[in-house]
file model-v7.cif (mmCIF, C-alpha atoms)
data_coords
#
loop_
_atom_site.label_atom_id
_atom_site.label_comp_id
_atom_site.auth_asym_id
_atom_site.auth_seq_id
_atom_site.Cartn_x
_atom_site.Cartn_y
_atom_site.Cartn_z
CA ALA O 403 24.81 8.15 17.35
CA PRO O 404 23.71 4.89 18.99
CA THR O 405 20.83 6.63 20.81
CA LEU O 406 19.33 8.23 17.69
CA GLU O 407 15.55 7.74 17.86
CA CYS O 408 14.21 9.92 15.03
CA TYR O 409 15.77 10.33 11.60
CA LYS O 410 14.49 12.73 8.94
CA TYR O 411 15.81 12.94 5.41
CA GLU O 412 14.62 14.64 2.22
CA GLY O 413 16.44 14.33 -1.09
CA PHE O 414 17.77 11.77 -3.55
CA VAL O 415 18.28 8.26 -2.22
CA ARG O 416 21.66 7.74 -0.60
CA ILE O 417 23.34 5.00 1.42
CA LEU O 418 23.92 5.86 5.06
CA ASP O 419 25.84 4.08 7.81
CA PHE O 420 23.43 2.97 10.54
CA SER O 421 25.73 0.28 11.89
CA LYS O 422 26.04 2.01 15.28
CA VAL O 423 22.37 2.96 15.61
CA ASP O 424 20.14 0.61 17.60
CA ALA O 425 17.45 2.89 19.06
CA LEU O 426 15.73 4.25 15.94
CA LYS O 427 11.98 4.60 16.55
CA GLU O 428 10.83 6.99 13.83
CA ALA O 429 11.95 7.54 10.24
CA LYS O 430 10.80 10.23 7.82
CA LEU O 431 12.26 9.38 4.44
CA HIS O 432 11.01 11.80 1.80
CA TYR O 433 12.93 10.49 -1.15
CA ILE O 434 12.66 12.42 -4.41
CA GLN O 435 13.05 11.07 -7.92
CA LYS O 436 15.98 11.83 -10.19
CA TYR O 437 15.15 13.44 -13.52
CA ASN O 438 16.39 10.45 -15.53
CA TRP O 439 14.20 8.06 -13.52
CA ARG O 440 13.55 5.73 -16.47
CA TYR O 441 17.23 4.78 -16.53
CA TYR O 442 17.97 5.04 -12.83
CA ASP O 443 16.81 2.50 -10.26
CA SER O 444 17.50 3.55 -6.68
CA SER O 445 16.01 0.37 -5.18
CA ASN O 446 19.33 -1.19 -4.23
CA MET O 447 20.33 1.90 -2.27
CA VAL O 448 16.95 1.96 -0.51
CA LEU O 449 17.39 -1.70 0.43
CA ALA O 450 20.95 -1.11 1.65
CA ASN O 451 19.57 0.88 4.60
CA MET O 452 16.48 -1.24 5.16
CA VAL O 453 17.69 -3.17 8.21
CA ALA O 454 17.91 0.08 10.18
CA TYR O 455 14.27 0.89 9.42
CA THR O 456 12.72 -2.49 10.20
CA GLY O 457 12.51 -1.70 13.91
CA VAL O 458 10.83 1.71 13.69
CA HIS O 459 7.40 2.42 15.19
CA VAL O 460 6.57 5.31 12.86
CA LEU O 461 7.48 5.44 9.17
CA SER O 462 6.75 8.27 6.77
CA THR O 463 8.07 7.90 3.24
CA THR O 464 7.38 8.12 -0.49
CA ASN O 465 6.55 5.70 -3.28
CA ILE O 466 10.28 5.35 -4.04
CA PHE O 467 10.63 3.42 -0.78
CA LEU O 468 7.68 1.21 -1.71
CA GLU O 469 9.01 0.53 -5.20
CA ALA O 470 12.13 -1.05 -3.69
CA PHE O 471 9.98 -4.04 -2.70
CA LYS O 472 8.95 -4.88 -6.25
CA GLU O 473 9.75 -8.36 -7.50
CA ARG O 474 13.12 -8.83 -9.16
CA TYR O 475 15.48 -11.59 -10.13
CA ILE O 476 17.29 -12.81 -7.01
CA GLU O 477 19.60 -15.78 -7.52
CA GLY O 478 17.83 -16.66 -10.76
CA GLU O 479 14.27 -16.43 -9.37
CA MET O 480 11.63 -13.71 -9.32
CA ARG O 481 11.34 -12.73 -5.67
CA SER O 482 10.66 -9.74 -3.46
CA PRO O 483 13.21 -8.55 -0.89
CA ILE O 484 12.49 -10.10 2.51
CA PHE O 485 12.11 -7.49 5.24
CA LYS O 486 9.53 -7.28 8.02
CA PHE O 487 8.50 -4.28 10.11
CA LEU O 488 7.34 -5.98 13.28
CA ASN O 489 7.20 -2.83 15.45
CA LEU O 490 5.57 -0.47 12.96
CA LYS O 491 2.40 1.20 14.28
CA GLU O 492 1.96 4.19 11.96
CA PHE O 493 2.66 4.22 8.23
CA SER O 494 2.44 7.28 5.98
CA ILE O 495 3.12 7.09 2.25
CA LEU O 496 3.36 10.08 -0.11
CA PHE O 497 2.79 9.37 -3.80
CA LYS O 498 4.28 11.53 -6.51
CA ALA O 499 4.69 11.02 -10.25
CA PRO O 500 6.43 9.26 -11.88
CA ASN O 501 5.21 6.25 -9.97
CA LEU O 502 4.70 2.56 -10.74
CA CYS O 503 2.98 1.64 -7.47
CA THR O 504 -0.58 0.39 -7.15
CA LEU O 505 -2.80 -1.07 -4.44
CA TYR O 506 -0.81 -4.28 -4.88
CA HIS O 507 2.38 -2.66 -3.57
CA ILE O 508 0.58 -1.06 -0.63
CA SER O 509 -0.91 -4.42 0.31
CA GLU O 510 2.38 -6.29 0.00
CA PHE O 511 4.11 -3.80 2.30
CA LEU O 512 1.36 -3.97 4.91
CA LYS O 513 1.65 -7.76 4.96
CA ARG O 514 5.16 -7.20 6.30
CA SER O 515 3.84 -4.91 9.06
CA PRO O 516 1.46 -6.94 11.25
CA LYS O 517 1.08 -4.30 14.00
CA VAL O 518 0.22 -1.23 11.91
CA GLU O 519 -2.75 0.65 13.36
CA LYS O 520 -2.80 3.87 11.32
CA VAL O 521 -2.27 4.30 7.58
CA LEU O 522 -2.06 7.61 5.72
CA ILE O 523 -1.99 7.64 1.92
CA ASP O 524 -1.15 11.09 0.55
CA ILE O 525 -2.15 11.56 -3.10
CA LYS O 526 -2.73 15.31 -3.14
CA GLU O 527 -0.33 15.70 -6.08
CA PHE O 528 -0.92 12.34 -7.72
CA THR O 529 -3.51 10.30 -9.62
CA PHE O 530 -3.20 6.54 -9.96
CA GLU O 531 -2.86 5.27 -13.53
CA PRO O 532 -2.38 1.49 -13.23
CA GLY O 533 -0.99 -0.06 -16.40
CA MET O 534 -1.07 -3.49 -18.00
CA LEU O 535 0.79 -5.13 -15.13
CA TRP O 536 -2.12 -4.28 -12.84
CA ILE O 537 -4.76 -5.36 -15.35
CA ILE O 538 -3.11 -8.65 -16.35
CA HIS O 539 -1.52 -9.83 -13.11
CA GLN O 540 -2.01 -7.73 -10.00
CA MET O 541 -5.78 -7.15 -10.17
CA SER O 542 -6.66 -10.85 -10.35
CA TYR O 543 -4.18 -11.58 -7.56
CA MET O 544 -5.78 -8.93 -5.35
CA GLU O 545 -9.29 -10.17 -6.10
CA SER O 546 -8.38 -13.71 -5.06
CA SER O 547 -6.36 -12.64 -2.03
CA ASN O 548 -7.62 -13.72 1.38
CA CYS O 549 -5.19 -11.60 3.37
CA GLU O 550 -6.43 -10.04 6.61
CA PHE O 551 -5.04 -7.07 8.52
CA ASN O 552 -6.12 -7.38 12.12
CA SER O 553 -4.43 -4.33 13.61
CA ILE O 554 -5.36 -1.50 11.20
CA LYS O 555 -7.90 0.75 12.91
CA GLU O 556 -7.71 3.99 10.95
CA VAL O 557 -7.00 4.84 7.31
CA THR O 558 -6.80 8.30 5.76
CA ILE O 559 -6.58 9.05 2.04
CA ASP O 560 -5.55 12.68 1.64
CA GLY O 561 -6.19 14.03 -1.85
CA TYR O 562 -9.06 11.66 -2.65
CA LYS O 563 -10.58 12.39 -6.09
CA ASN O 564 -13.03 9.49 -6.46
CA HIS O 565 -10.76 7.89 -9.06
CA TRP O 566 -11.65 4.25 -9.72
CA HIS O 567 -8.37 2.91 -8.31
CA GLU O 568 -8.80 5.05 -5.21
CA LEU O 569 -12.15 3.31 -4.76
CA ASP O 570 -10.34 -0.01 -5.14
CA ILE O 571 -8.15 1.04 -2.21
CA VAL O 572 -11.16 2.09 -0.13
CA GLU O 573 -12.88 -1.24 -0.78
CA PHE O 574 -9.69 -3.16 -0.04
CA PHE O 575 -9.35 -1.67 3.44
CA CYS O 576 -13.06 -2.04 4.20
CA ARG O 577 -12.93 -5.67 3.18
CA HIS O 578 -9.57 -6.82 4.58
CA ALA O 579 -8.82 -4.58 7.59
CA LYS O 580 -10.85 -6.49 10.17
CA SER O 581 -10.36 -3.96 12.99
CA LEU O 582 -10.95 -0.87 10.84
CA LYS O 583 -13.16 1.69 12.57
CA LYS O 584 -12.59 4.85 10.56
CA LEU O 585 -11.73 5.58 6.94
CA LYS O 586 -11.29 9.27 6.20
CA LEU O 587 -11.32 10.63 2.64
CA ILE O 588 -10.01 14.18 2.28
CA ILE O 589 -11.10 15.71 -1.04
CA PRO O 590 -9.07 18.70 -2.32
CA LYS O 591 -11.09 21.91 -2.55
CA ASN O 592 -10.31 22.36 -6.24
CA VAL O 593 -11.68 18.88 -6.99
CA LYS O 594 -14.92 19.60 -5.13
CA LYS O 595 -15.37 22.85 -7.02
CA ARG O 596 -14.56 21.39 -10.44
CA ALA O 597 -16.57 18.20 -10.04
CA ARG O 598 -19.77 19.85 -8.76
CA GLY O 599 -20.73 16.67 -7.01
CA LEU O 600 -18.82 13.45 -7.46
CA ASP O 601 -20.41 10.14 -8.37
CA TYR O 602 -20.77 8.49 -4.99
CA ALA O 603 -22.66 5.37 -6.13
CA ARG O 604 -19.84 2.92 -5.47
CA LEU O 605 -18.81 4.70 -2.29
CA ASP O 606 -22.39 4.60 -1.01
CA TYR O 607 -22.49 0.88 -1.76
CA LEU O 608 -19.32 0.33 0.27
CA LYS O 609 -20.79 2.29 3.17
CA SER O 610 -23.89 0.10 3.15
CA ARG O 611 -21.89 -3.08 2.70
CA PHE O 612 -19.40 -2.43 5.52
CA THR O 613 -21.52 -0.80 8.18
CA GLY O 614 -18.93 -1.31 10.91
CA VAL O 615 -16.60 1.20 9.26
CA ILE O 616 -17.21 4.94 9.54
CA VAL O 617 -16.38 6.46 6.14
CA GLU O 618 -15.88 10.21 6.38
CA VAL O 619 -15.79 12.39 3.27
#

call {"tool": "encode", "arguments": {"input": "model-v7.cif", "output": "structure tokens"}}
result
Amino acid sequence: APTLECYKYEGFVRILDFSKVDALKEAKLHYIQKYNWRYYDSSNMVLANMVAYTGVHVLSTTNIFLEAFKERYIEGEMRSPIFKFLNLKEFSILFKAPNLCTLYHISEFLKRSPKVEKVLIDIKEFTFEPGMLWIIHQMSYMESSNCEFNSIKEVTIDGYKNHWHELDIVEFFCRHAKSLKKLKLIIPKNVKKRARGLDYARLDYLKSRFTGVIVEV
């Protein structure tokens, strides 16, 4: 189907033949994790189809897609796969456990997508629990990073629970997305009811620090 413009898939990662497709504009890749995920790495299969997705304008996917970009040994060196998404305007990522991704992985993907304007991070069924890799390596790297995202105008975090790493993500976008106008935090009703008022001290500080960004809660 050379004129295929929108492709939607939900299920385990599989390799598909996109060799005759050159018009793909939108991809919805809701990959799900196999039960024996600790012993099964689907990254190579995700990467096998990556060329077909690099030209899309809209991409909706899960953390399994993002995990394929983690550093690995390539020809004897630790490197990340090299793919760029030069046409991407809207990016939506759904996080589900088990999951090894952190803010670092989100940032590294967005560096490959210089035209992204809208970002949706769906964590309704997920809570970040960064491990030692984040504490020892990724956090210091992120703190010293001078990266700028000049096209991102709107960010939504759906399932926001005021978790400390979620606040790291909020601060990251406020600080590095230079064109950001709106950052929307959608708190689940059950969290609002259980928390009886979340601690907004850090969030209030970010609002006062980055006055050019409208933070909606």

call {"tool": "closest_residue", "arguments": {"input": "model-v7.cif", "among": "O:Asp443, O:Glu510, O:Asp524, O:Glu550", "to": "Phe485 (chain O)", "atoms": "all atoms listed in the file"}}
result
O:Glu510

call {"tool": "residues_around", "arguments": {"input": "model-v7.cif", "residues": "Thr558 (chain O)", "least_positions_apart": "4", "cutoff": "10 Å", "atoms": "all atoms listed in the file", "output": "PyMOL selection string"}}
result
chain O and resi 494+520-524+562+572+584-588+617-618

call {"tool": "residues_around", "arguments": {"input": "model-v7.cif", "residues": "Gly561 (chain O)", "least_positions_apart": "5", "cutoff": "6 Å", "atoms": "all atoms listed in the file", "output": "PDB file with C-alpha atoms, in the frame of the given file"}}
result
ATOM      1  CA  ILE O 525      -2.150  11.560  -3.100  1.00  0.00           C
ATOM      2  CA  LYS O 526      -2.730  15.310  -3.140  1.00  0.00           C
ATOM      3  CA  ILE O 588     -10.010  14.180   2.280  1.00  0.00           C
ATOM      4  CA  ILE O 589     -11.100  15.710  -1.040  1.00  0.00           C
ATOM      5  CA  PRO O 590      -9.070  18.700  -2.320  1.00  0.00           C
TER       6      PRO O 590
END

call {"tool": "closest_residue", "arguments": {"input": "model-v7.cif", "among": "O:Glu492, O:Ile417, O:Phe612, O:Leu569", "to": "Lys555 (chain O)", "atoms": "all atoms listed in the file"}}
result
O:Glu492

call {"tool": "closest_residue", "arguments": {"input": "model-v7.cif", "among": "O:Asn465, O:Asn501, O:Thr456, O:Asn564", "to": "Arg514 (chain O)", "atoms": "all atoms listed in the file"}}
result
O:Thr456

call {"tool": "atom_distance", "arguments": {"input": "model-v7.cif", "atom1": "CA of Glu407 (chain O)", "atom2": "CA of Val557 (chain O)"}}
result
25.1 Å

call {"tool": "atom_distance", "arguments": {"input": "model-v7.cif", "atom1": "CA of Leu605 (chain O)", "atom2": "CA of Phe511 (chain O)"}}
result
24.9 Å

call {"tool": "resolve_selection", "arguments": {"input": "model-v7.cif", "expression": "the PyMOL selection byres ((chain O and resi 613) around 12)", "output": "list of chain:residue names"}}
result
O:Cys576, O:Arg577, O:Leu582, O:Lys583, O:Lys584, O:Leu585, O:Asp606, O:Tyr607, O:Leu608, O:Lys609, O:Ser610, O:Arg611, O:Phe612, O:Gly614, O:Val615, O:Ile616, O:Val617

call {"tool": "atom_distance", "arguments": {"input": "model-v7.cif", "atom1": "CA of Lys563 (chain O)", "atom2": "CA of Trp536 (chain O)"}}
result
19.9 Å

call {"tool": "resolve_selection", "arguments": {"input": "model-v7.cif", "expression": "the PyMOL selection byres ((chain O and resi 461) around 7)", "output": "PyMOL selection string"}}
result
chain O and resi 428-430+458-460+462-463+492-494

call {"tool": "residues_around", "arguments": {"input": "model-v7.cif", "residues": "Val453 (chain O)", "least_positions_apart": "2", "cutoff": "10 Å", "atoms": "only C-alpha atoms", "output": "list in words"}}
result
Phe420, Ser421, Leu449, Ala450, Asn451, Tyr455, Thr456, Gly457, Phe485, Lys486 and Phe487 of chain O

call {"tool": "residues_around", "arguments": {"input": "model-v7.cif", "residues": "Gly533 (chain O)", "least_positions_apart": "6", "cutoff": "12 Å", "atoms": "only C-alpha atoms", "output": "list in words"}}
result
Asn501, Leu502, Cys503, Thr504, His539, Gln540, Met541 and His567 of chain O

call {"tool": "write_last_selection", "arguments": {"input": "model-v7.cif", "atoms": "C-alpha atoms", "output": "PDB file, keeping the file's coordinate frame"}}
result
ATOM      1  CA  ASN O 501       5.210   6.250  -9.970  1.00  0.00           C
ATOM      2  CA  LEU O 502       4.700   2.560 -10.740  1.00  0.00           C
ATOM      3  CA  CYS O 503       2.980   1.640  -7.470  1.00  0.00           C
ATOM      4  CA  THR O 504      -0.580   0.390  -7.150  1.00  0.00           C
ATOM      5  CA  HIS O 539      -1.520  -9.830 -13.110  1.00  0.00           C
ATOM      6  CA  GLN O 540      -2.010  -7.730 -10.000  1.00  0.00           C
ATOM      7  CA  MET O 541      -5.780  -7.150 -10.170  1.00  0.00           C
ATOM      8  CA  HIS O 567      -8.370   2.910  -8.310  1.00  0.00           C
TER       9      HIS O 567
END

call {"tool": "resolve_selection", "arguments": {"input": "model-v7.cif", "expression": "the PyMOL selection byres ((chain O and resi 544) around 12)", "output": "ChimeraX atom specification"}}
result
/O:504-510,536-543,545-549,570-571,573-575,577-578

call {"tool": "build_atoms", "arguments": {"input": "model-v7.cif", "residues": "region 408-419 of chain O", "atoms": "all heavy atoms", "output": "compact mmCIF listing (two decimals), in the coordinates of the input"}}
result
# COMPACT_ATOMS: atom_id res chain seq x y z
N CYS O 408 14.99 9.39 16.15
CA CYS O 408 14.21 9.92 15.03
C CYS O 408 15.16 10.40 13.94
O CYS O 408 16.09 11.17 14.22
CB CYS O 408 13.31 11.06 15.50
SG CYS O 408 12.31 11.79 14.18
N TYR O 409 14.92 9.93 12.72
CA TYR O 409 15.77 10.33 11.60
C TYR O 409 14.89 10.89 10.50
O TYR O 409 13.90 10.28 10.10
CB TYR O 409 16.57 9.14 11.08
CG TYR O 409 17.37 9.45 9.84
CD1 TYR O 409 18.49 10.28 9.91
CD2 TYR O 409 17.00 8.94 8.60
CE1 TYR O 409 19.23 10.59 8.77
CE2 TYR O 409 17.73 9.24 7.45
CZ TYR O 409 18.84 10.07 7.55
OH TYR O 409 19.55 10.37 6.42
N LYS O 410 15.25 12.08 10.00
CA LYS O 410 14.49 12.73 8.94
C LYS O 410 15.42 13.05 7.79
O LYS O 410 16.49 13.62 7.98
CB LYS O 410 13.82 14.01 9.46
CG LYS O 410 12.96 14.72 8.42
CD LYS O 410 12.27 15.94 9.02
CE LYS O 410 11.40 16.64 7.99
NZ LYS O 410 10.72 17.84 8.57
N TYR O 411 14.98 12.69 6.58
CA TYR O 411 15.81 12.94 5.41
C TYR O 411 14.92 13.29 4.22
O TYR O 411 13.88 12.67 4.00
CB TYR O 411 16.65 11.72 5.06
CG TYR O 411 17.43 11.88 3.77
CD1 TYR O 411 18.59 12.64 3.73
CD2 TYR O 411 16.99 11.28 2.59
CE1 TYR O 411 19.30 12.81 2.54
CE2 TYR O 411 17.68 11.43 1.41
CZ TYR O 411 18.83 12.20 1.38
OH TYR O 411 19.52 12.37 0.21
N GLU O 412 15.33 14.28 3.45
CA GLU O 412 14.62 14.64 2.22
C GLU O 412 15.65 14.88 1.13
O GLU O 412 16.58 15.67 1.30
CB GLU O 412 13.77 15.89 2.41
CG GLU O 412 12.99 16.28 1.16
CD GLU O 412 12.00 17.41 1.39
OE1 GLU O 412 11.87 17.85 2.55
OE2 GLU O 412 11.36 17.84 0.41
N GLY O 413 15.50 14.18 0.01
CA GLY O 413 16.44 14.33 -1.09
C GLY O 413 16.54 13.04 -1.89
O GLY O 413 15.74 12.13 -1.74
N PHE O 414 17.54 12.98 -2.77
CA PHE O 414 17.77 11.77 -3.55
C PHE O 414 18.20 10.64 -2.62
O PHE O 414 18.78 10.86 -1.56
CB PHE O 414 18.86 12.01 -4.60
CG PHE O 414 18.53 13.07 -5.60
CD1 PHE O 414 19.41 14.10 -5.88
CD2 PHE O 414 17.32 13.05 -6.27
CE1 PHE O 414 19.11 15.08 -6.81
CE2 PHE O 414 16.99 14.03 -7.20
CZ PHE O 414 17.89 15.05 -7.47
N VAL O 415 17.91 9.42 -3.03
CA VAL O 415 18.28 8.26 -2.22
C VAL O 415 19.79 8.19 -2.07
O VAL O 415 20.54 8.38 -3.03
CB VAL O 415 17.76 6.96 -2.87
CG1 VAL O 415 18.18 5.75 -2.03
CG2 VAL O 415 16.25 7.00 -3.01
N ARG O 416 20.23 7.90 -0.86
CA ARG O 416 21.66 7.74 -0.60
C ARG O 416 21.85 6.65 0.45
O ARG O 416 20.95 6.36 1.23
CB ARG O 416 22.28 9.05 -0.12
CG ARG O 416 21.61 9.63 1.09
CD ARG O 416 22.17 10.97 1.51
NE ARG O 416 23.56 10.87 1.92
CZ ARG O 416 24.22 11.84 2.54
NH1 ARG O 416 23.61 12.99 2.81
NH2 ARG O 416 25.47 11.68 2.90
N ILE O 417 23.02 6.04 0.44
CA ILE O 417 23.34 5.00 1.42
C ILE O 417 23.96 5.66 2.64
O ILE O 417 24.88 6.47 2.53
CB ILE O 417 24.31 3.96 0.82
CG1 ILE O 417 23.63 3.24 -0.36
CG2 ILE O 417 24.73 2.95 1.87
CD1 ILE O 417 24.54 2.25 -1.07
N LEU O 418 23.43 5.30 3.81
CA LEU O 418 23.92 5.86 5.06
C LEU O 418 24.43 4.73 5.96
O LEU O 418 24.01 3.58 5.83
CB LEU O 418 22.80 6.63 5.77
CG LEU O 418 22.23 7.81 4.98
CD1 LEU O 418 20.95 8.30 5.63
CD2 LEU O 418 23.24 8.94 4.90
N ASP O 419 25.29 5.07 6.88
CA ASP O 419 25.84 4.08 7.81
C ASP O 419 25.06 4.11 9.12
O ASP O 419 25.20 5.02 9.92
CB ASP O 419 27.32 4.39 8.07
CG ASP O 419 27.96 3.34 8.98
OD1 ASP O 419 27.29 2.33 9.29
OD2 ASP O 419 29.12 3.53 9.37
